[in-house]
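Asker: Okay, here's the structure, questions in a sec.
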Amino acid sequence: MDRETPLPDWFQEGLLFVGNWEPLIFRRRAGFAHVDEEAIYEAEHSEETLRTLREAGINLVITHFHKGFGREAEREEIERTRRFIALAHQHGLRVGVYIRFDAVAGETYDLEAPEAPSWRQRDARGQGATYPGQDFRQVMCPNQPGYLDRVEALVHLAAGELDADLLHFDGFWWGTAEPCHCPACLQAFRTFLRERYPDAKARIERFGHPHIEQLTPPTLPAAQFPAVVLNPLHQEWIAFRCETFRRVHARLAAAVKSHGPHVAMEFNALVPVEENGPLRRGVSIPAMAPRNDAFWTESRNDPRLEPDGRLISRVREYKYAEALNNVCFSYVRGTDAAQIRRSFGEVLAFNNGQGAMLGSPHLAHEPFAPLLTRWARFYRSHHDLYAGTESAAQVAVLRHEPTLRLNSGEPYQAAHLFEQLLLEAHIPFRLLFAEDLARLPAPAERLRLLILPEVACLNEAEAAAITAFVRDGGGVVMTGDTSLYDPWYRLRPDYLLRELLGPDVPRPRESMRSFHFALVDERPAVLPGIMRRSYGRGRVVYAARIEPVAPGALWRAPARALEWLEAVRWAAGPLEVEVHAPREVLCEVRRRTGAPPGYRVHLVNLAGHSWRQAVTVTFAPPELPQPQAWRARALDPDRDEELEVPVLERAAGSGGARRWELIVPELAAYTLVALDPVA
Ligand SMILES: [Zn+2]
């Protein structure tokens, strides 16, 4: 997706960072301060610490600023942050500062903002909410102007007076999934509806009656919403919450950027690849991304192979950020060295050339400090191999938020399973969002296959773009209800993508029409195989369902994996780079964006042992003229020397492109294969 403000220049150095964003006041009040906390805290801020960080290749520290106790209560520590920023800048480090958005600690915050109790969220029964497990932190309402003014003032203090380089908004969500019924929300919700449905005709079509002044936010807790949200008021409430946050974000981002394009805007709203973030937290990350620089994932998907065969990773989260031209902030963490290596390797492979957070500023005291430092130095000293590259994926999975925000079930499962299929088959992929459909690259360019997992709520323009993509030679794989509903989840007279589907896919019929929603689904779960057909110059694959091998088994390739894979490969056609590797190896292929052309093949090994000659890479670059030879080097952060790998020419690929092949001699935890033409 396109950006409206450029990423800060210094992001190009590649971010490798540490953090100590919990101030002393919070460590004490929350009850996790150690006996010697003050000494620990002192050391975190010392010049010695900064020197060590710089030597290890760290270029950013995210530190405490405003946890929600109020500027008075946190004054001393804010002053400390001011001095720390100045010192860090002297040592060539950037500093980000923490602002907690969703909650404040009323016991001190209210002393300096006596109106604050009226800025808190309240549910339909007038009850407020507190942060889970910490009842001294009250959840605030993002529609309260008084509260927003104070948050914006914090931005100007941090980015202006204190000279911070990055604003980290934690808890950048509604704080509770419950509808807020404060007077500001009630009024804003009705205004939102009035603007979207300006006349009686539009209101009647949407709600059955025109009386918007009678409508209130839902009284039902979000946890009790059905998987598919059909109630139009509930749908509008989800949209209203996302729009509220888009507006709040735009205001705060403008405040941040008013201090210069080098100041970064970053938030934590969790990455909704597994559950319905717009419903649960009231935020749409794609809506905020064009004016945002980075966001966090805090998922538990640390890369690993479980004894039961589940192959778990954070790959989706990294790809989500990459597709939005944002940077994914993530932790390298683990309780043993092998997990640290897997996490760090996954970051190096999949985080779009960026690093991650390695621990506290006390890096030297982290349990795996020598390992972290060695890998950090490797990344820093080989940064030229990470920078200036882009995904070489020719397959894309559509993460269609208009559908995903209304259906918390099937579309998430189907997307997850397709992504898992591609990962386990080592077919590089990227994610696309609804906004990207408006300018799908021509199939002749890199993208060859678009996967539509249960994309029920496509609109006309999106369907037209997809149809044109296939007509011009692209491939599409789709399942189930894709294009069967409109953006309000109303059943269409027929699939919007009927032209692509052809006549053989029946539309589900309704039983007892106008009484309930039972559909009589006559689509065979398995059409004759998985249906394939040609359309224009392109190819279409359809099946009624993609299913897990066992209920809930989302971290394994789906049922009928081989058949699916054959269909995917047929629809995609020959790919530029093919990797053959064991299932436990995650693979990412990137292409140099500048001249000369080149590839970076990243391999992350989740098996508990090394592999010898188990990974084969073949590639057929489309660029002409072709070099006479290729040079391949295999690099491993745990090895001092890089290995030269022979690259052999094979029979020509399709279309006459020359095809080359190499075998990776050894793979321990992580290997980067750099492929460059020989001049
Ligand atoms: Zn409210």
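Just so we're on the same page: first chain in the structure tokens is A, next is B, and so on; residues restart at 1 for each chain, and ligands are numbered from 1 in the order they show up.
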DSSP says strand (DSSP E) for which residues of stretch 29-179 of chain A? Put them as an MDAnalysis selection string?

Answerer: chainID A and resid 60:66 94:100 103:104 130:131 134:139 166:170

Asker: Each residue of chain A with at least one atom at most 6 Å from ligand 1 should appear once, together with its nearest atom pair and the corresponding distance in Å (one decimal); atoms considered: only C-alpha atoms and all ligand atoms; ordering: chain, then increasing residue number; output as JSON lines.

Answerer:
```
{"residue": "A:Gln121", "atom": "CA", "partner": "ligand 1", "partner_atom_place_in_ligand_line": "1 (Zn)", "distance": 5.1}
{"residue": "A:Cys141", "atom": "CA", "partner": "ligand 1", "partner_atom_place_in_ligand_line": "1 (Zn)", "distance": 4.5}
{"residue": "A:Asn143", "atom": "CA", "partner": "ligand 1", "partner_atom_place_in_ligand_line": "1 (Zn)", "distance": 5.4}
{"residue": "A:Cys180", "atom": "CA", "partner": "ligand 1", "partner_atom_place_in_ligand_line": "1 (Zn)", "distance": 4.6}
{"residue": "A:His181", "atom": "CA", "partner": "ligand 1", "partner_atom_place_in_ligand_line": "1 (Zn)", "distance": 5.6}
{"residue": "A:Cys182", "atom": "CA", "partner": "ligand 1", "partner_atom_place_in_ligand_line": "1 (Zn)", "distance": 4.3}
{"residue": "A:Ala184", "atom": "CA", "partner": "ligand 1", "partner_atom_place_in_ligand_line": "1 (Zn)", "distance": 5.5}
{"residue": "A:Cys185", "atom": "CA", "partner": "ligand 1", "partner_atom_place_in_ligand_line": "1 (Zn)", "distance": 4.1}
```

Asker: Extract, using only C-alpha atoms, all DNA, RNA and protein residues at most 10 Å from A:Arg3, discarding same-chain residues fewer than 5 positions from it, and format them as a list of chain:residue names.

Answerer: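 So the residues in contact are A:Ala289, A:Pro290, A:Arg291, A:Asn292, A:Asp293, A:Leu324, A:Asn325, A:Asn326.
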
Asker: For stretch 34-47 of chain A, please output as a PyMOL selection string all residues within 10 Å (counting only C-alpha atoms; exclusion window: fewer than 5 positions along the same chain).

Answerer: chain A and resi 19-20+23-24+27-28+52-53+63+80-81+83-85+87-88+90-91+360-363

Asker: Going by DSSP on the backbone, which bits of stretch 137-172 of chain A are alpha helix (DSSP H)? Write them as JSON, numbers by chain, please.

Answerer: {"A": [145, 146, 147, 148, 149, 150, 151, 152, 153, 154, 155]}

Asker: For the contact check between stretch 270-381 of chain A and stretch 636-642 of chain A, emit one row per residue of stretch 270-381 of chain A within 9 Å, containing the shortest atom pair and the distance in Å rounded to one decimal, counting only C-alpha atoms, chain then rising number order, as a tab-separated table.

Answerer:
```
residue	atom	partner	partner_atom	distance
A:Leu371	CA	A:Asp638	CA	8.6
A:Arg374	CA	A:Pro637	CA	7.1
A:Trp375	CA	A:Pro637	CA	5.5
A:Ala376	CA	A:Pro637	CA	8.8
A:Arg377	CA	A:Pro637	CA	8.6
A:Phe378	CA	A:Pro637	CA	5.6
A:Tyr379	CA	A:Pro637	CA	8.0
```

Asker: Output all heavy atoms of each residue in that selection to a file, as a JSON list (two decimals), in the first residue's frame.

Answerer:
```
[["chain", "number", "residue", "atom", "x", "y", "z"],
["A", 371, "LEU", "N", 25.57, -14.48, 22.41],
["A", 371, "LEU", "CA", 24.89, -14.91, 21.18],
["A", 371, "LEU", "C", 24.17, -13.73, 20.51],
["A", 371, "LEU", "O", 24.31, -13.49, 19.30],
["A", 371, "LEU", "CB", 23.89, -16.01, 21.55],
["A", 371, "LEU", "CG", 22.96, -16.53, 20.45],
["A", 371, "LEU", "CD1", 23.76, -17.12, 19.31],
["A", 371, "LEU", "CD2", 22.00, -17.57, 21.03],
["A", 374, "ARG", "N", 26.71, -11.37, 18.99],
["A", 374, "ARG", "CA", 27.35, -11.92, 17.79],
["A", 374, "ARG", "C", 26.42, -11.78, 16.58],
["A", 374, "ARG", "O", 26.82, -11.34, 15.51],
["A", 374, "ARG", "CB", 27.70, -13.39, 18.02],
["A", 374, "ARG", "CG", 28.40, -14.00, 16.83],
["A", 374, "ARG", "CD", 28.76, -15.47, 16.99],
["A", 374, "ARG", "NE", 29.36, -15.92, 15.74],
["A", 374, "ARG", "CZ", 30.67, -16.05, 15.56],
["A", 374, "ARG", "NH1", 31.50, -15.80, 16.53],
["A", 374, "ARG", "NH2", 31.13, -16.43, 14.37],
["A", 375, "TRP", "N", 25.15, -12.13, 16.77],
["A", 375, "TRP", "CA", 24.19, -12.04, 15.65],
["A", 375, "TRP", "C", 23.90, -10.59, 15.29],
["A", 375, "TRP", "O", 23.71, -10.25, 14.13],
["A", 375, "TRP", "CB", 22.92, -12.81, 15.99],
["A", 375, "TRP", "CG", 23.06, -14.30, 15.83],
["A", 375, "TRP", "CD1", 24.02, -15.09, 16.39],
["A", 375, "TRP", "CD2", 22.22, -15.17, 15.05],
["A", 375, "TRP", "NE1", 23.83, -16.40, 16.02],
["A", 375, "TRP", "CE2", 22.72, -16.48, 15.20],
["A", 375, "TRP", "CE3", 21.08, -14.97, 14.27],
["A", 375, "TRP", "CZ2", 22.14, -17.59, 14.58],
["A", 375, "TRP", "CZ3", 20.49, -16.07, 13.65],
["A", 375, "TRP", "CH2", 21.02, -17.37, 13.80],
["A", 376, "ALA", "N", 23.86, -9.74, 16.31],
["A", 376, "ALA", "CA", 23.62, -8.31, 16.05],
["A", 376, "ALA", "C", 24.76, -7.75, 15.20],
["A", 376, "ALA", "O", 24.53, -7.01, 14.23],
["A", 376, "ALA", "CB", 23.50, -7.54, 17.36],
["A", 377, "ARG", "N", 25.98, -8.11, 15.55],
["A", 377, "ARG", "CA", 27.13, -7.62, 14.77],
["A", 377, "ARG", "C", 27.11, -8.17, 13.36],
["A", 377, "ARG", "O", 27.48, -7.50, 12.40],
["A", 377, "ARG", "CB", 28.43, -8.00, 15.48],
["A", 377, "ARG", "CG", 28.64, -7.21, 16.75],
["A", 377, "ARG", "CD", 30.10, -7.24, 17.20],
["A", 377, "ARG", "NE", 30.27, -6.39, 18.37],
["A", 377, "ARG", "CZ", 30.69, -6.83, 19.56],
["A", 377, "ARG", "NH1", 31.02, -8.08, 19.73],
["A", 377, "ARG", "NH2", 30.80, -5.99, 20.56],
["A", 378, "PHE", "N", 26.69, -9.44, 13.24],
["A", 378, "PHE", "CA", 26.59, -10.05, 11.90],
["A", 378, "PHE", "C", 25.62, -9.23, 11.03],
["A", 378, "PHE", "O", 25.92, -8.87, 9.89],
["A", 378, "PHE", "CB", 26.10, -11.49, 12.03],
["A", 378, "PHE", "CG", 25.75, -12.13, 10.70],
["A", 378, "PHE", "CD1", 26.74, -12.75, 9.94],
["A", 378, "PHE", "CD2", 24.44, -12.11, 10.21],
["A", 378, "PHE", "CE1", 26.42, -13.32, 8.70],
["A", 378, "PHE", "CE2", 24.13, -12.67, 8.99],
["A", 378, "PHE", "CZ", 25.12, -13.28, 8.23],
["A", 379, "TYR", "N", 24.45, -8.94, 11.61],
["A", 379, "TYR", "CA", 23.45, -8.17, 10.86],
["A", 379, "TYR", "C", 24.01, -6.80, 10.48],
["A", 379, "TYR", "O", 23.89, -6.35, 9.33],
["A", 379, "TYR", "CB", 22.19, -8.00, 11.72],
["A", 379, "TYR", "CG", 21.19, -7.00, 11.18],
["A", 379, "TYR", "CD1", 20.43, -7.28, 10.04],
["A", 379, "TYR", "CD2", 21.00, -5.76, 11.82],
["A", 379, "TYR", "CE1", 19.52, -6.35, 9.55],
["A", 379, "TYR", "CE2", 20.08, -4.84, 11.33],
["A", 379, "TYR", "CZ", 19.34, -5.14, 10.20],
["A", 379, "TYR", "OH", 18.44, -4.22, 9.72]]
```

Asker: Which residue is closest to A:Arg532? Choose from A:Gly68, A:Pro493, A:Pro272, A:Gly475 and count only C-alpha atoms.

Answerer: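 Using only C-alpha atoms, A:Arg532 sits closest to A:Gly475.
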
Asker: Might you pull out every residue within 7 Å of stretch 556-565 of chain A, with only C-alpha atoms counted and same-chain residues fewer than 4 positions away left off, and present them as a list in words?

Answerer: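 Residues meeting the cut-off are Arg310, Leu311, Leu417, Gln420, Leu421, Glu424, Ile546, Glu547, Pro548, Val549 and Arg569 of chain A.
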